[in-house]
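Participant: Have a look at this one before I ask anything.
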Amino acid sequence: MRNRKGPQLIYISTYPPRRCGLATYCEDLVNAIEETGLFAPAGVVALSQTPGENIYGPQVVREVFQDRRADYTAAARFLNEAAPDGVCLQHEFGIFGGTDGDYLVDMIEGIEAPIFTTFHTVLSRPDAYKRDLMRYLADRSESVVVMAPRAVSLLNDVYGIDPHKIAFIHHGAPVPTPTSNQEIKRRLGLEGYTVVCTLGLINPGKGIEYMIQAMPSIVERFPDVIYLVLGQTHPGILRHMGEIYRDSLLKMVEDLRLTRHVKFVDSYLTRNEILDYLSATDIYVTPYLGKEQITSGTLAYAISLGKAIVSTPYMYAEELLGNGAGILVNFRDPEGMAQAVIEILSSPERRKGLELRSSSLGQIMVWPRVARQYSRLFMEKVSGGMNRGSRAVAIPVNGAY
């Protein structure tokens with residue numbers, strides 16, 4: 001790995017084919033940064049739950065089993081032998097072993113290269129151990145990245161992290177391509193329907209039952225509406241609860257006599273399939289229940305495609321939609337969701353205004369722009385970047401480049 005053109009980064013994260021949003025995010029980030037042409041091909045240290053669970057491609061240079069503590073120190077030794085110019089850590093509590101993922105400390109303590117950490121969860125009221133763990137990771141990092149301005153304030157006010165060390169960079173999203181909504185609907189068997197959609201790994205925190213409960217009022221006004229629930233049950237939920245949640249949703253659909261108007265696509269969708277379904281969507285809904293959620297890849301995707309959006313006011317949705325790029329409704333409020341969807345469908349002007357504001361916001365969230373922002377952050381700090389004569393760039397907290 002030492003004989004290379006340009007600085008090299010190695011990422012620590014889950015990675016496809018593991019099925020989770022963090023894995024998809026890391027793959028998109030790796031590919032987008034590589035497309036800048038500024039860096040040598042990247043490597044990934046991938047987190048897995050059990051041996052043989054995932055068959056990785058060549059980008060994965062090391063596998064760490066989540067609950068095998070010795071793997072973490074071995075990975076640090078591997079990274080030091082590989083000698084990358086920077087290590088990019090994607091942090092989420094649930095993917096590392098130990099108490100609140102503290103096995104990660106064994107790895108981080110031994111790494112000699114500069115570390116850049118992206119926090120995918122920033123709790124507003126962490127317990128002392130989570131707070132201290134995140135503070136430690138920030139102290140060991142050259143810079144930390146968050147995806148919402150609110151997270152910058154939280155890291156400073158709640159965790160005591162120096163704001164000059166924090167960069168706000170949007171969650172990346174695909175560059176939209178010109179597509180015909182009606183043509184994609186025909187291809188997906190949705191011709192003649194007005195499509196409302198929720199996408200992602202299914203778990204009880206998604207709040208899908210509240211959107212289902214909203215559907216009778218919507219269908220009464222607009223009989224052509226169909227609500228698509230796209231995605232498999234989250235693997236963690238499947239292991240511990242089976243399909244109890246999905247089965248409860250299916251029963252609700254039957255009890256409310258909505259079988260023609262609510263459809264489940266129970267599969268792990270490819271990126272192209274996700275983009276097709278979102279392109280066919282007329283209104284995107286995130287009825288999530290957790291106020292603390294500080295990022296959502298599916299919401300970022302929907303915004304990048306210029307969709308009219310209805311959402312509950314979790315932190316990330318408030319940040320992105322609070323300026324009028326969508327409609328926010330209360331948590332656990334089927335009536336409010338129905339009212340918002342009906343308002344959009346009743347007024348083409350209202351819908352068009354939401355789509356334009358969403359599309360405008362999406363333009364600053366596309367992966368090429370996000371990759372340039374990450375690249376500036378890396379090139380300012382890593383020795384390889386400085387040796388190539390890159391000019392140090394001040395990284396503003398608000399992420400405006």
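Residue numbering restarts at 1 for every chain of the structure tokens, chains are lettered A, B, ... in their displayed order, and ligands are numbered from 1 as they appear.
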Per DSSP on the backbone, filter segment 91-237 of chain A down to the residues in strand (DSSP E) and report them as a short mmCIF file (atom, residue, chain, number, x, y, z; two decimals) with C-alpha atoms, in the first residue's frame.

Facilitator:
data_model
loop_
_atom_site.label_atom_id
_atom_site.label_comp_id
_atom_site.auth_asym_id
_atom_site.auth_seq_id
_atom_site.Cartn_x
_atom_site.Cartn_y
_atom_site.Cartn_z
CA HIS A 91 -19.14 5.74 14.11
CA ILE A 115 -8.13 9.77 12.27
CA PHE A 116 -11.26 11.44 10.88
CA THR A 117 -14.52 10.45 12.55
CA THR A 118 -18.06 10.80 11.21
CA PHE A 119 -20.68 10.61 13.98
CA SER A 143 -11.62 16.35 12.75
CA VAL A 144 -15.14 15.07 13.33
CA VAL A 145 -17.96 15.28 10.81
CA VAL A 146 -21.69 15.55 11.51
CA ILE A 166 -16.23 19.89 13.94
CA ALA A 167 -17.27 20.03 10.28
CA PHE A 168 -20.87 19.94 9.11
CA THR A 194 -50.65 8.28 -6.77
CA VAL A 195 -47.71 6.85 -4.84
CA VAL A 196 -46.94 7.60 -1.20
CA CYS A 197 -43.82 5.84 0.01
CA THR A 198 -41.70 5.00 3.06
CA LEU A 199 -38.34 3.31 2.49
CA VAL A 225 -53.52 6.58 -3.60
CA ILE A 226 -51.27 3.63 -2.77
CA TYR A 227 -48.85 3.55 0.17
CA LEU A 228 -45.66 1.57 -0.48
CA VAL A 229 -43.65 0.27 2.46
CA LEU A 230 -40.29 -0.65 0.95
#

Participant: Could you list, with a cut-off of 8 Å and counting only C-alpha atoms, the residues of segment 118-229 of chain A near segment 99-114 of chain A, each shown with its nearest atom pair and the distance in Å rounded to one decimal, rows sorted by chain and ascending number, as CSV?

Facilitator:
residue,atom,partner,partner_atom,distance
A:Tyr129,CA,A:Asp100,CA,7.9
A:Lys130,CA,A:Asp100,CA,6.7
A:Leu133,CA,A:Asp102,CA,7.2
A:Leu137,CA,A:Ile108,CA,7.9
A:Arg140,CA,A:Ile108,CA,7.6
A:Ser141,CA,A:Pro114,CA,6.8
A:Glu142,CA,A:Pro114,CA,6.2

Participant: Restrict the selected residues to C-alpha atoms and save them as a PDB file, in the first residue's frame.

Facilitator:
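As a result, selection.pdb now contains:
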ATOM      1  CA  TYR A 129     -20.338   6.642  29.436  1.00  0.00           C
ATOM      2  CA  LYS A 130     -21.575   7.396  25.911  1.00  0.00           C
ATOM      3  CA  LEU A 133     -16.655   7.657  24.720  1.00  0.00           C
ATOM      4  CA  LEU A 137     -13.070   9.643  19.886  1.00  0.00           C
ATOM      5  CA  ARG A 140      -8.219  11.257  19.089  1.00  0.00           C
ATOM      6  CA  SER A 141      -9.525  12.617  15.790  1.00  0.00           C
ATOM      7  CA  GLU A 142      -8.072  15.335  13.621  1.00  0.00           C
TER       8      GLU A 142
END

Participant: Extract, using only C-alpha atoms, all DNA, RNA and protein residues at most 12 Å from Arg260 of chain A, discarding same-chain residues fewer than 4 positions from it, and format them as a list in words.

Facilitator: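 Contacts, in chain order: Leu190, Tyr193, Met215, Pro216, Val219, Pro223, Asp224, Val225, Ile226, Tyr227, Leu228, Val253, Glu254, Leu256 and Phe264 of chain A.
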
Participant: From segment 141-325 of chain A, collect each residue whose DSSP state is alpha helix (DSSP H) and return the set as an MDAnalysis selection string.

Facilitator: chainID A and resid 149:157 181:188 208:221 235:241 244:255 271:279 297:304 315:321

Participant: With only C-alpha atoms as the atoms that count, which of A:Tyr15, A:Tyr159, A:Tyr245, A:Phe93 lies nearest to Tyr136 of chain A?

Facilitator: A:Tyr159

Participant: Take atom CA of Ile10 of chain A and atom CA of Asp85 of chain A and report the distance between them in Å, one decimal.

Facilitator: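 Straight-line distance from atom CA of Ile10 of chain A to atom CA of Asp85 of chain A works out to 8.3 Å.
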
Participant: Rounded to one decimal, what separation in Å do you get between atom CA of Val265 of chain A and atom CA of Gly231 of chain A?

Facilitator: 6.0 Å

Participant: When you draw a straight line from atom CA of Ala280 of chain A to atom CA of Gln363 of chain A, how long is it in Å?

Facilitator: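 About the pair atom CA of Ala280 of chain A and atom CA of Gln363 of chain A: they are 19.5 Å apart.
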